[in-house]
Amino acid sequence: MGRVTKARLYRKLDVFIRRRLGPTSLRSGDGLHYWRERIFHFFSVGVIFIGLVVYLYLGLSYLEKGEFAYAIFASFVFFSAVFATTVRSLPHKFRVSWLLFLIYLIGVYSLLETNSSSLAYAFFISYSLLSGILVSQRRAWMSLVTITTTLAIIGVILYNPLIPLPFEASIPINEYIQSSVVFLVIALVTLFPLVSLLNGLIFNLEKETRFRRLLRREHEDLTLAKRKAEESDHLKTAFLSNMSHEIRTPMNAILGFSNLLSHPDISMGEKEEFINLIRINGKNLLTLVEDIIDISKIDSGQLQIKNAPCKLHDVLMQVYESFQDDIKRRGLFNLKLYLKEGISDQNIRILSDEHRLQQILINLVGNAVKFTERGFVEFGYTQEDDQFLRFYVKDTGIGLPKGKESEIFERFSKFNSDKERLYGGTGIGLSIAKHLVTLMGGEIWVESEPLVGTTFYFTLPYHRLTTPVSARTEKKEQVQDFNWEGKTFLVAEDEEDNFRYIEVALALSNASLIWARDGQEAVDVFKRVGGIDLVLMDIKMPTMDGYTATREIKSLSKKVPVIAQTAYAMSEEKEKSREAGCDDYIAKPIGYDDLLTTINRFVPSNGH
């Protein structure tokens, strides 16, 4: 029972010490401050327990002798020391300074009581050493100056006959000066190595603190990099999975219907339907590839905005007609598409990138149509002020989950709460739209409510052009009317399938073709054969590329137009073609109508 009581008493005492006296609230990585607080903690424990014994001994002795002033002084010193060490809410700097002051005060008292007291010098040296350890090196030297000044003042008080005292000095002035000088020498000899030691400790602790800080920062960076790598890996996995699905879906239609076209039991009406479906899915596949290219351009900083005059309402109407046909084809009879124009002038022209504006609208409207089964999708714009136009795309679809409004613009993000229906898409369309809007000088945001609908807004700078538009409109020529009989075109193309496509397309217009399989052969043919009316130049070819071949041909004849055709879709390819001397540029895949219309601009067909 006695052992249990002792153990419980020990635990209570240990808890009291830890709770009331420390050891410290700082972490071990906080350097010199941590160690100074730990030293102060153990010093405080000694003050409490050893000071209690000394106080009881001295206090009872003073009371027994009737020296009540000394008893009051001893009580003041002890209880103020207890207060400073146990009240942890006080500033640490104040607690340390107060204890150091009490030590100095006891030294002064001891020296005044008996001016030869070794106890006074012991307290003075303790005051000096603890000042350096618990506060700073500067405080240690200041304490030594304070002690020197104190010894001088006390010497003047004790040995000046003009100052009356109730007691006399116990030793001659020579011995007092000698003992004071010896003390100061000992203090200096003691402080010098202490300061040197403190300098080393401070340097090592600061270096350790810097290393810890660097290690902590590197750990945080590595943790962040690991988390981003894991997220990137997850997103890439999801992206590849989505991409596989999105690519295979149109490819399945293209290859499937292509195989059915050769079946003898397929009627002409069905073949026309299959051809139309092949064309639609091929266009969808091309859009997907272009989105991937745009993402690569964004990552490499090569996505450029090229502002030019564009008819705003024509852009909106093209988007409207495209999706109106798509809605009819898919049989979405419960879905209505509306276009709201904010300015009544149908011929309004603004300075903007027509292709990128159309791309933004297609991404947003396509997203709205995809997630809306019934109700309506409405898009258009309003004129907010003279500086900006505010476009919007509103739908009555499934909406977004709460708090996901900003995440929807992140790459590969897809939010679908409907487990019974799988919505397609790669999750990069909105990310591309946001980058395009930002590059064009606007901003984009979304407002949504689950199961009610979503509205996307984006602003673009409003630069209206005042150039009058001619009321006369040119009649678009039908490609079926083109006739290049008697014309000779040189086609530089290393892929036989691509040449075969151009051959069949131009054979319908009675043009004569010469095929060159590389750039060098194209130059040799141009030198050898006269009367070539136009050159279709592929850029990527063996032996000699299209740029070099174009320069060679243009050096021979600047009158013969050269049209570049390439599978490179980067924006700088057109500028490179122009610099090489090409008169125009067609990006693969080449549309039949675009091919013939472009050629007709340089070589007008017979009869036109």
# chains A, B, ... in the order shown; residues from 1 in each chain; ligands from 1
>>> residues_around(residues="region 397-408 of chain A", least_positions_apart="3", cutoff="6 Å", atoms="only C-alpha atoms", output="VMD selection string")
chain A and resid 371 to 372 413 448 to 451 453 to 454
>>> write_last_selection(atoms="N, CA and C atoms", output="PDB file, in the first residue's frame")
ATOM      1  N   PHE A 371     -25.790  16.835 -72.470  1.00  0.00           N
ATOM      2  CA  PHE A 371     -26.321  16.596 -71.128  1.00  0.00           C
ATOM      3  C   PHE A 371     -27.777  17.049 -70.961  1.00  0.00           C
ATOM      4  N   THR A 372     -28.475  17.301 -72.053  1.00  0.00           N
ATOM      5  CA  THR A 372     -29.873  17.733 -71.972  1.00  0.00           C
ATOM      6  C   THR A 372     -30.743  16.793 -72.805  1.00  0.00           C
ATOM      7  N   SER A 413     -11.766  16.508 -66.434  1.00  0.00           N
ATOM      8  CA  SER A 413     -12.800  16.454 -65.407  1.00  0.00           C
ATOM      9  C   SER A 413     -14.143  16.121 -66.048  1.00  0.00           C
ATOM     10  N   SER A 448     -24.834  26.857 -62.129  1.00  0.00           N
ATOM     11  CA  SER A 448     -25.550  25.606 -62.332  1.00  0.00           C
ATOM     12  C   SER A 448     -26.324  25.214 -61.086  1.00  0.00           C
ATOM     13  N   GLU A 449     -27.375  24.441 -61.304  1.00  0.00           N
ATOM     14  CA  GLU A 449     -28.166  23.873 -60.221  1.00  0.00           C
ATOM     15  C   GLU A 449     -28.518  22.447 -60.600  1.00  0.00           C
ATOM     16  N   PRO A 450     -28.235  21.467 -59.752  1.00  0.00           N
ATOM     17  CA  PRO A 450     -28.499  20.073 -60.106  1.00  0.00           C
ATOM     18  C   PRO A 450     -29.959  19.846 -60.485  1.00  0.00           C
ATOM     19  N   LEU A 451     -30.146  19.107 -61.579  1.00  0.00           N
ATOM     20  CA  LEU A 451     -31.456  18.700 -62.098  1.00  0.00           C
ATOM     21  C   LEU A 451     -32.289  19.873 -62.603  1.00  0.00           C
ATOM     22  N   GLY A 453     -30.477  22.855 -64.452  1.00  0.00           N
ATOM     23  CA  GLY A 453     -29.813  23.290 -65.657  1.00  0.00           C
ATOM     24  C   GLY A 453     -28.510  24.007 -65.383  1.00  0.00           C
ATOM     25  N   THR A 454     -27.831  24.369 -66.453  1.00  0.00           N
ATOM     26  CA  THR A 454     -26.516  25.001 -66.369  1.00  0.00           C
ATOM     27  C   THR A 454     -26.438  26.136 -67.384  1.00  0.00           C
TER      28      THR A 454
END
>>> select_by_dssp(residues="region 160-329 of chain A", states="strand (DSSP E or B)", output="PyMOL selection string")
chain A and resi 308-311
>>> closest_residue(among="A:Ile295, A:Arg374, A:Leu214, A:Gly546", to="Phe333 (chain A)", atoms="only C-alpha atoms")
A:Arg374
>>> atom_distance(atom1="CA of Gln358 (chain A)", atom2="CA of Val315 (chain A)")
6.3 Å
>>> residues_around(residues="Arg528 (chain A)", least_positions_apart="6", cutoff="12 Å", atoms="only C-alpha atoms", output="PyMOL selection string")
chain A and resi 514+521-522+553+556
>>> residues_around(residues="Leu595 (chain A)", least_positions_apart="4", cutoff="10 Å", atoms="only C-alpha atoms", output="number ranges by chain")
A: 479, 502, 505-506, 563, 565, 586, 590-591, 599-600
>>> residues_around(residues="region 377-382 of chain A", least_positions_apart="6", cutoff="10 Å", atoms="only C-alpha atoms", output="mmCIF file with all heavy atoms, in the first residue's frame")
data_model
loop_
_atom_site.group_PDB
_atom_site.id
_atom_site.type_symbol
_atom_site.label_atom_id
_atom_site.label_comp_id
_atom_site.auth_asym_id
_atom_site.auth_seq_id
_atom_site.Cartn_x
_atom_site.Cartn_y
_atom_site.Cartn_z
ATOM 1 N N HIS A 313 -22.781 37.289 -86.623
ATOM 2 C CA HIS A 313 -24.010 36.517 -86.756
ATOM 3 C C HIS A 313 -23.843 35.323 -87.685
ATOM 4 O O HIS A 313 -24.542 34.318 -87.530
ATOM 5 C CB HIS A 313 -25.141 37.427 -87.241
ATOM 6 C CG HIS A 313 -25.588 38.402 -86.204
ATOM 7 N ND1 HIS A 313 -26.539 39.369 -86.438
ATOM 8 C CD2 HIS A 313 -25.206 38.579 -84.917
ATOM 9 C CE1 HIS A 313 -26.737 40.081 -85.341
ATOM 10 N NE2 HIS A 313 -25.920 39.621 -84.401
ATOM 11 N N LEU A 316 -22.451 32.592 -85.461
ATOM 12 C CA LEU A 316 -23.501 32.025 -84.613
ATOM 13 C C LEU A 316 -24.458 31.160 -85.422
ATOM 14 O O LEU A 316 -24.882 30.087 -84.968
ATOM 15 C CB LEU A 316 -24.272 33.154 -83.923
ATOM 16 C CG LEU A 316 -23.470 34.010 -82.933
ATOM 17 C CD1 LEU A 316 -24.300 35.194 -82.469
ATOM 18 C CD2 LEU A 316 -23.022 33.188 -81.741
ATOM 19 N N VAL A 319 -22.991 27.721 -86.202
ATOM 20 C CA VAL A 319 -23.072 26.832 -85.039
ATOM 21 C C VAL A 319 -24.506 26.338 -84.860
ATOM 22 O O VAL A 319 -24.749 25.146 -84.603
ATOM 23 C CB VAL A 319 -22.573 27.559 -83.773
ATOM 24 C CG1 VAL A 319 -22.767 26.683 -82.537
ATOM 25 C CG2 VAL A 319 -21.117 27.961 -83.919
ATOM 26 N N TYR A 320 -25.462 27.236 -85.005
ATOM 27 C CA TYR A 320 -26.873 26.873 -84.837
ATOM 28 C C TYR A 320 -27.288 25.822 -85.857
ATOM 29 O O TYR A 320 -27.911 24.796 -85.509
ATOM 30 C CB TYR A 320 -27.747 28.112 -84.967
ATOM 31 C CG TYR A 320 -29.236 27.819 -84.945
ATOM 32 C CD1 TYR A 320 -29.898 27.619 -83.745
ATOM 33 C CD2 TYR A 320 -29.960 27.728 -86.131
ATOM 34 C CE1 TYR A 320 -31.259 27.340 -83.721
ATOM 35 C CE2 TYR A 320 -31.311 27.448 -86.128
ATOM 36 C CZ TYR A 320 -31.963 27.253 -84.922
ATOM 37 O OH TYR A 320 -33.302 26.965 -84.906
ATOM 38 N N LEU A 335 -36.106 18.161 -77.456
ATOM 39 C CA LEU A 335 -35.079 19.180 -77.226
ATOM 40 C C LEU A 335 -35.195 20.268 -78.287
ATOM 41 O O LEU A 335 -35.221 19.985 -79.486
ATOM 42 C CB LEU A 335 -33.684 18.540 -77.272
ATOM 43 C CG LEU A 335 -32.490 19.484 -77.046
ATOM 44 C CD1 LEU A 335 -32.550 20.117 -75.668
ATOM 45 C CD2 LEU A 335 -31.165 18.735 -77.229
ATOM 46 N N LYS A 336 -35.246 21.512 -77.846
ATOM 47 C CA LYS A 336 -35.316 22.655 -78.738
ATOM 48 C C LYS A 336 -34.020 23.464 -78.639
ATOM 49 O O LYS A 336 -33.457 23.618 -77.553
ATOM 50 C CB LYS A 336 -36.502 23.556 -78.385
ATOM 51 C CG LYS A 336 -37.859 22.865 -78.464
ATOM 52 C CD LYS A 336 -38.184 22.410 -79.879
ATOM 53 C CE LYS A 336 -39.559 21.749 -79.942
ATOM 54 N NZ LYS A 336 -39.857 21.249 -81.318
ATOM 55 N N LEU A 337 -33.596 24.000 -79.777
ATOM 56 C CA LEU A 337 -32.385 24.813 -79.827
ATOM 57 C C LEU A 337 -32.757 26.227 -80.242
ATOM 58 O O LEU A 337 -33.454 26.433 -81.243
ATOM 59 C CB LEU A 337 -31.389 24.219 -80.826
ATOM 60 C CG LEU A 337 -30.050 24.947 -80.971
ATOM 61 C CD1 LEU A 337 -29.243 24.875 -79.671
ATOM 62 C CD2 LEU A 337 -29.227 24.359 -82.134
ATOM 63 N N TYR A 338 -32.325 27.210 -79.446
ATOM 64 C CA TYR A 338 -32.648 28.606 -79.720
ATOM 65 C C TYR A 338 -31.359 29.418 -79.849
ATOM 66 O O TYR A 338 -30.361 29.151 -79.161
ATOM 67 C CB TYR A 338 -33.500 29.210 -78.604
ATOM 68 C CG TYR A 338 -34.818 28.494 -78.380
ATOM 69 C CD1 TYR A 338 -34.998 27.662 -77.275
ATOM 70 C CD2 TYR A 338 -35.877 28.655 -79.267
ATOM 71 C CE1 TYR A 338 -36.195 27.006 -77.053
ATOM 72 C CE2 TYR A 338 -37.089 28.001 -79.060
ATOM 73 C CZ TYR A 338 -37.241 27.180 -77.959
ATOM 74 O OH TYR A 338 -38.428 26.528 -77.758
ATOM 75 N N LEU A 339 -31.423 30.426 -80.718
ATOM 76 C CA LEU A 339 -30.322 31.368 -80.893
ATOM 77 C C LEU A 339 -30.855 32.772 -80.643
ATOM 78 O O LEU A 339 -31.826 33.197 -81.267
ATOM 79 C CB LEU A 339 -29.739 31.271 -82.307
ATOM 80 C CG LEU A 339 -28.741 32.366 -82.712
ATOM 81 C CD1 LEU A 339 -27.529 32.362 -81.793
ATOM 82 C CD2 LEU A 339 -28.308 32.180 -84.162
ATOM 83 N N LYS A 340 -30.238 33.494 -79.700
ATOM 84 C CA LYS A 340 -30.641 34.852 -79.357
ATOM 85 C C LYS A 340 -29.487 35.812 -79.686
ATOM 86 O O LYS A 340 -28.389 35.686 -79.130
ATOM 87 C CB LYS A 340 -30.988 34.965 -77.863
ATOM 88 C CG LYS A 340 -32.130 34.057 -77.421
ATOM 89 C CD LYS A 340 -33.453 34.466 -78.046
ATOM 90 C CE LYS A 340 -34.589 33.586 -77.510
ATOM 91 N NZ LYS A 340 -35.891 33.956 -78.119
ATOM 92 N N GLU A 341 -29.767 36.727 -80.598
ATOM 93 C CA GLU A 341 -28.754 37.687 -81.013
ATOM 94 C C GLU A 341 -28.962 39.002 -80.274
ATOM 95 O O GLU A 341 -30.078 39.532 -80.226
ATOM 96 C CB GLU A 341 -28.819 37.899 -82.529
ATOM 97 C CG GLU A 341 -28.535 36.603 -83.299
ATOM 98 C CD GLU A 341 -28.933 36.705 -84.764
ATOM 99 O OE1 GLU A 341 -29.678 37.661 -85.089
ATOM 100 O OE2 GLU A 341 -28.528 35.843 -85.560
ATOM 101 N N GLY A 342 -27.885 39.530 -79.702
ATOM 102 C CA GLY A 342 -28.001 40.712 -78.862
ATOM 103 C C GLY A 342 -28.032 42.027 -79.613
ATOM 104 O O GLY A 342 -28.430 43.049 -79.063
ATOM 105 N N ILE A 343 -27.618 42.024 -80.876
ATOM 106 C CA ILE A 343 -27.605 43.245 -81.688
ATOM 107 C C ILE A 343 -28.401 42.970 -82.952
ATOM 108 O O ILE A 343 -28.229 41.928 -83.603
ATOM 109 C CB ILE A 343 -26.164 43.668 -82.022
ATOM 110 C CG1 ILE A 343 -25.394 43.976 -80.731
ATOM 111 C CG2 ILE A 343 -26.145 44.884 -82.937
ATOM 112 C CD1 ILE A 343 -23.944 44.320 -80.951
ATOM 113 N N LEU A 361 -17.837 28.150 -78.941
ATOM 114 C CA LEU A 361 -19.291 27.947 -78.976
ATOM 115 C C LEU A 361 -19.641 26.491 -79.251
ATOM 116 O O LEU A 361 -20.570 25.942 -78.646
ATOM 117 C CB LEU A 361 -19.914 28.862 -80.029
ATOM 118 C CG LEU A 361 -19.914 30.357 -79.701
ATOM 119 C CD1 LEU A 361 -20.339 31.172 -80.913
ATOM 120 C CD2 LEU A 361 -20.830 30.649 -78.526
ATOM 121 N N LEU A 364 -19.135 24.505 -76.022
ATOM 122 C CA LEU A 364 -20.145 24.776 -74.991
ATOM 123 C C LEU A 364 -21.526 24.283 -75.407
ATOM 124 O O LEU A 364 -22.243 23.664 -74.604
ATOM 125 C CB LEU A 364 -20.178 26.276 -74.690
ATOM 126 C CG LEU A 364 -18.904 26.874 -74.080
ATOM 127 C CD1 LEU A 364 -19.082 28.362 -73.834
ATOM 128 C CD2 LEU A 364 -18.545 26.171 -72.767
ATOM 129 N N VAL A 365 -21.926 24.555 -76.661
ATOM 130 C CA VAL A 365 -23.245 24.096 -77.121
ATOM 131 C C VAL A 365 -23.274 22.577 -77.207
ATOM 132 O O VAL A 365 -24.273 21.938 -76.824
ATOM 133 C CB VAL A 365 -23.590 24.740 -78.479
ATOM 134 C CG1 VAL A 365 -24.912 24.200 -79.002
ATOM 135 C CG2 VAL A 365 -23.671 26.255 -78.345
ATOM 136 N N GLY A 366 -22.206 21.981 -77.716
ATOM 137 C CA GLY A 366 -22.149 20.521 -77.769
ATOM 138 C C GLY A 366 -22.237 19.895 -76.396
ATOM 139 O O GLY A 366 -22.893 18.857 -76.208
ATOM 140 N N ALA A 368 -23.792 21.238 -73.829
ATOM 141 C CA ALA A 368 -25.168 21.430 -73.369
ATOM 142 C C ALA A 368 -26.109 20.420 -74.007
ATOM 143 O O ALA A 368 -26.974 19.836 -73.341
ATOM 144 C CB ALA A 368 -25.625 22.856 -73.680
ATOM 145 N N VAL A 369 -25.978 20.185 -75.315
ATOM 146 C CA VAL A 369 -26.840 19.224 -76.014
ATOM 147 C C VAL A 369 -26.611 17.816 -75.481
ATOM 148 O O VAL A 369 -27.560 17.036 -75.306
ATOM 149 C CB VAL A 369 -26.574 19.285 -77.532
ATOM 150 C CG1 VAL A 369 -27.291 18.151 -78.258
ATOM 151 C CG2 VAL A 369 -27.015 20.631 -78.094
ATOM 152 N N PHE A 388 -17.121 45.041 -73.903
ATOM 153 C CA PHE A 388 -17.217 43.584 -73.936
ATOM 154 C C PHE A 388 -18.579 43.126 -74.456
ATOM 155 O O PHE A 388 -19.593 43.807 -74.276
ATOM 156 C CB PHE A 388 -17.003 42.989 -72.529
ATOM 157 C CG PHE A 388 -15.584 43.091 -72.037
ATOM 158 C CD1 PHE A 388 -15.181 44.167 -71.264
ATOM 159 C CD2 PHE A 388 -14.658 42.114 -72.348
ATOM 160 C CE1 PHE A 388 -13.886 44.277 -70.814
ATOM 161 C CE2 PHE A 388 -13.356 42.212 -71.909
ATOM 162 C CZ PHE A 388 -12.963 43.290 -71.132
ATOM 163 N N LEU A 389 -18.561 41.939 -75.081
ATOM 164 C CA LEU A 389 -19.775 41.187 -75.387
ATOM 165 C C LEU A 389 -19.824 39.994 -74.441
ATOM 166 O O LEU A 389 -18.797 39.349 -74.196
ATOM 167 C CB LEU A 389 -19.765 40.694 -76.835
ATOM 168 C CG LEU A 389 -19.822 41.747 -77.940
ATOM 169 C CD1 LEU A 389 -19.714 41.065 -79.303
ATOM 170 C CD2 LEU A 389 -21.106 42.565 -77.862
ATOM 171 N N ARG A 390 -20.997 39.725 -73.902
ATOM 172 C CA ARG A 390 -21.133 38.571 -73.002
ATOM 173 C C ARG A 390 -21.934 37.492 -73.706
ATOM 174 O O ARG A 390 -23.116 37.661 -74.014
ATOM 175 C CB ARG A 390 -21.812 38.954 -71.690
ATOM 176 C CG ARG A 390 -21.821 37.806 -70.694
ATOM 177 C CD ARG A 390 -22.297 38.214 -69.329
ATOM 178 N NE ARG A 390 -23.742 38.336 -69.275
ATOM 179 C CZ ARG A 390 -24.432 38.488 -68.151
ATOM 180 N NH1 ARG A 390 -23.788 38.580 -67.005
ATOM 181 N NH2 ARG A 390 -25.727 38.592 -68.168
ATOM 182 N N PHE A 391 -21.298 36.365 -73.980
ATOM 183 C CA PHE A 391 -21.933 35.224 -74.615
ATOM 184 C C PHE A 391 -22.439 34.275 -73.530
ATOM 185 O O PHE A 391 -21.900 34.242 -72.411
ATOM 186 C CB PHE A 391 -20.949 34.489 -75.528
ATOM 187 C CG PHE A 391 -20.482 35.304 -76.697
ATOM 188 C CD1 PHE A 391 -19.443 36.231 -76.562
ATOM 189 C CD2 PHE A 391 -21.073 35.147 -77.942
ATOM 190 C CE1 PHE A 391 -19.017 36.973 -77.645
ATOM 191 C CE2 PHE A 391 -20.644 35.895 -79.031
ATOM 192 C CZ PHE A 391 -19.621 36.806 -78.881
ATOM 193 N N TYR A 392 -23.434 33.497 -73.870
ATOM 194 C CA TYR A 392 -23.970 32.530 -72.900
ATOM 195 C C TYR A 392 -24.485 31.307 -73.631
ATOM 196 O O TYR A 392 -24.870 31.356 -74.804
ATOM 197 C CB TYR A 392 -25.093 33.157 -72.061
ATOM 198 C CG TYR A 392 -26.365 33.422 -72.838
ATOM 199 C CD1 TYR A 392 -27.398 32.483 -72.876
ATOM 200 C CD2 TYR A 392 -26.548 34.623 -73.530
ATOM 201 C CE1 TYR A 392 -28.563 32.720 -73.601
ATOM 202 C CE2 TYR A 392 -27.702 34.871 -74.243
ATOM 203 C CZ TYR A 392 -28.710 33.914 -74.276
ATOM 204 O OH TYR A 392 -29.863 34.145 -74.994
ATOM 205 N N VAL A 393 -24.464 30.174 -72.930
ATOM 206 C CA VAL A 393 -25.054 28.913 -73.390
ATOM 207 C C VAL A 393 -25.831 28.345 -72.213
ATOM 208 O O VAL A 393 -25.242 27.976 -71.194
ATOM 209 C CB VAL A 393 -23.973 27.913 -73.864
ATOM 210 C CG1 VAL A 393 -24.623 26.609 -74.290
ATOM 211 C CG2 VAL A 393 -23.158 28.497 -75.010
ATOM 212 N N LYS A 394 -27.139 28.284 -72.361
ATOM 213 C CA LYS A 394 -28.031 27.876 -71.279
ATOM 214 C C LYS A 394 -28.744 26.586 -71.650
ATOM 215 O O LYS A 394 -29.174 26.414 -72.793
ATOM 216 C CB LYS A 394 -29.048 28.987 -71.004
ATOM 217 C CG LYS A 394 -30.004 28.712 -69.855
ATOM 218 C CD LYS A 394 -30.944 29.898 -69.661
ATOM 219 C CE LYS A 394 -31.884 29.673 -68.485
ATOM 220 N NZ LYS A 394 -32.804 30.824 -68.306
ATOM 221 N N ASP A 395 -28.862 25.674 -70.679
ATOM 222 C CA ASP A 395 -29.565 24.419 -70.943
ATOM 223 C C ASP A 395 -30.412 24.033 -69.740
ATOM 224 O O ASP A 395 -30.281 24.600 -68.654
ATOM 225 C CB ASP A 395 -28.571 23.295 -71.279
ATOM 226 C CG ASP A 395 -27.669 22.920 -70.114
ATOM 227 O OD1 ASP A 395 -28.181 22.421 -69.102
ATOM 228 O OD2 ASP A 395 -26.443 23.127 -70.216
ATOM 229 N N THR A 396 -31.286 23.074 -69.958
ATOM 230 C CA THR A 396 -32.134 22.526 -68.892
ATOM 231 C C THR A 396 -31.741 21.080 -68.617
ATOM 232 O O THR A 396 -32.597 20.214 -68.428
ATOM 233 C CB THR A 396 -33.618 22.600 -69.292
ATOM 234 O OG1 THR A 396 -33.813 21.920 -70.545
ATOM 235 C CG2 THR A 396 -34.059 24.043 -69.454
ATOM 236 N N GLY A 397 -30.442 20.833 -68.602
ATOM 237 C CA GLY A 397 -29.929 19.476 -68.442
ATOM 238 C C GLY A 397 -29.770 19.050 -67.001
ATOM 239 O O GLY A 397 -30.423 19.572 -66.087
ATOM 240 N N GLY A 453 -30.477 22.855 -64.452
ATOM 241 C CA GLY A 453 -29.813 23.290 -65.657
ATOM 242 C C GLY A 453 -28.510 24.007 -65.383
ATOM 243 O O GLY A 453 -28.133 24.243 -64.227
ATOM 244 N N THR A 454 -27.831 24.369 -66.453
ATOM 245 C CA THR A 454 -26.516 25.001 -66.369
ATOM 246 C C THR A 454 -26.438 26.136 -67.384
ATOM 247 O O THR A 454 -26.997 26.038 -68.474
ATOM 248 C CB THR A 454 -25.401 23.972 -66.666
ATOM 249 O OG1 THR A 454 -25.510 22.884 -65.751
ATOM 250 C CG2 THR A 454 -24.026 24.605 -66.529
ATOM 251 N N THR A 455 -25.764 27.204 -66.991
ATOM 252 C CA THR A 455 -25.527 28.319 -67.904
ATOM 253 C C THR A 455 -24.047 28.680 -67.867
ATOM 254 O O THR A 455 -23.499 28.981 -66.804
ATOM 255 C CB THR A 455 -26.359 29.549 -67.524
ATOM 256 O OG1 THR A 455 -27.751 29.193 -67.487
ATOM 257 C CG2 THR A 455 -26.162 30.660 -68.556
ATOM 258 N N PHE A 456 -23.419 28.598 -69.033
ATOM 259 C CA PHE A 456 -22.028 29.034 -69.182
ATOM 260 C C PHE A 456 -22.021 30.451 -69.726
ATOM 261 O O PHE A 456 -22.769 30.779 -70.661
ATOM 262 C CB PHE A 456 -21.268 28.116 -70.140
ATOM 263 C CG PHE A 456 -20.883 26.799 -69.544
ATOM 264 C CD1 PHE A 456 -21.736 25.709 -69.622
ATOM 265 C CD2 PHE A 456 -19.673 26.639 -68.886
ATOM 266 C CE1 PHE A 456 -21.385 24.482 -69.075
ATOM 267 C CE2 PHE A 456 -19.317 25.421 -68.331
ATOM 268 C CZ PHE A 456 -20.173 24.346 -68.425
ATOM 269 N N TYR A 457 -21.176 31.295 -69.145
ATOM 270 C CA TYR A 457 -20.994 32.663 -69.617
ATOM 271 C C TYR A 457 -19.532 32.865 -69.977
ATOM 272 O O TYR A 457 -18.643 32.319 -69.320
ATOM 273 C CB TYR A 457 -21.376 33.686 -68.540
ATOM 274 C CG TYR A 457 -22.820 33.649 -68.099
ATOM 275 C CD1 TYR A 457 -23.204 32.913 -66.973
ATOM 276 C CD2 TYR A 457 -23.794 34.369 -68.781
ATOM 277 C CE1 TYR A 457 -24.524 32.889 -66.550
ATOM 278 C CE2 TYR A 457 -25.117 34.357 -68.363
ATOM 279 C CZ TYR A 457 -25.482 33.611 -67.250
ATOM 280 O OH TYR A 457 -26.783 33.585 -66.856
ATOM 281 N N PHE A 458 -19.298 33.659 -71.013
ATOM 282 C CA PHE A 458 -17.938 34.109 -71.278
ATOM 283 C C PHE A 458 -17.988 35.458 -71.981
ATOM 284 O O PHE A 458 -18.930 35.761 -72.724
ATOM 285 C CB PHE A 458 -17.130 33.092 -72.089
ATOM 286 C CG PHE A 458 -17.560 32.905 -73.509
ATOM 287 C CD1 PHE A 458 -16.974 33.632 -74.547
ATOM 288 C CD2 PHE A 458 -18.542 31.972 -73.834
ATOM 289 C CE1 PHE A 458 -17.362 33.449 -75.860
ATOM 290 C CE2 PHE A 458 -18.932 31.779 -75.153
ATOM 291 C CZ PHE A 458 -18.348 32.522 -76.170
ATOM 292 N N THR A 459 -17.000 36.263 -71.687
ATOM 293 C CA THR A 459 -16.916 37.603 -72.270
ATOM 294 C C THR A 459 -15.751 37.679 -73.248
ATOM 295 O O THR A 459 -14.741 36.987 -73.076
ATOM 296 C CB THR A 459 -16.725 38.671 -71.181
ATOM 297 O OG1 THR A 459 -15.515 38.398 -70.454
ATOM 298 C CG2 THR A 459 -17.903 38.681 -70.216
#
>>> select_by_dssp(residues="region 102-314 of chain A", states="helix (DSSP H, G or I)", output="ChimeraX atom specification")
/A:102-113,118-134,137-159,173-261,268-300,312-314
>>> atom_distance(atom1="CA of Lys487 (chain A)", atom2="CA of Asp533 (chain A)")
6.3 Å
>>> residues_around(residues="region 143-155 of chain A", least_positions_apart="6", cutoff="9 Å", atoms="only C-alpha atoms", output="list in words")
Tyr104, Val108, Leu111, Leu112, Asn115, Phe124, Ile125, Tyr127, Ser128, Leu129, Ser131, Gly132, Ile173, Tyr176, Ile177, Ser180, Leu184, Ala187, Leu188 and Leu191 of chain A
>>> residues_around(residues="Tyr55 (chain A)", least_positions_apart="2", cutoff="12 Å", atoms="only C-alpha atoms", output="mmCIF file with C-alpha atoms, in the first residue's frame")
data_model
loop_
_atom_site.group_PDB
_atom_site.id
_atom_site.type_symbol
_atom_site.label_atom_id
_atom_site.label_comp_id
_atom_site.auth_asym_id
_atom_site.auth_seq_id
_atom_site.Cartn_x
_atom_site.Cartn_y
_atom_site.Cartn_z
ATOM 1 C CA VAL A 47 14.757 27.372 -8.168
ATOM 2 C CA ILE A 48 11.457 25.979 -6.850
ATOM 3 C CA PHE A 49 12.768 23.028 -4.872
ATOM 4 C CA ILE A 50 16.227 24.189 -3.770
ATOM 5 C CA GLY A 51 14.960 27.748 -3.243
ATOM 6 C CA LEU A 52 12.228 26.415 -0.958
ATOM 7 C CA VAL A 53 14.778 24.769 1.320
ATOM 8 C CA TYR A 57 16.210 28.011 6.458
ATOM 9 C CA LEU A 58 16.946 31.733 6.020
ATOM 10 C CA GLY A 59 13.398 32.852 6.812
ATOM 11 C CA LEU A 60 13.328 30.998 10.118
ATOM 12 C CA SER A 61 16.813 32.277 10.973
ATOM 13 C CA TYR A 62 15.791 35.900 10.318
ATOM 14 C CA LEU A 63 12.629 35.523 12.367
ATOM 15 C CA TYR A 70 15.549 40.500 5.866
ATOM 16 C CA ALA A 71 12.692 38.012 6.279
ATOM 17 C CA ILE A 72 10.427 40.202 4.132
ATOM 18 C CA PHE A 73 13.152 40.529 1.497
ATOM 19 C CA ALA A 74 13.688 36.746 1.415
ATOM 20 C CA SER A 75 9.904 36.186 1.086
ATOM 21 C CA PHE A 76 9.693 38.689 -1.779
ATOM 22 C CA VAL A 77 12.538 37.010 -3.647
ATOM 23 C CA PHE A 78 11.221 33.465 -3.212
ATOM 24 C CA PHE A 79 7.527 34.061 -3.988
ATOM 25 C CA ALA A 81 10.576 33.601 -8.307
ATOM 26 C CA VAL A 82 7.830 30.991 -7.825
#
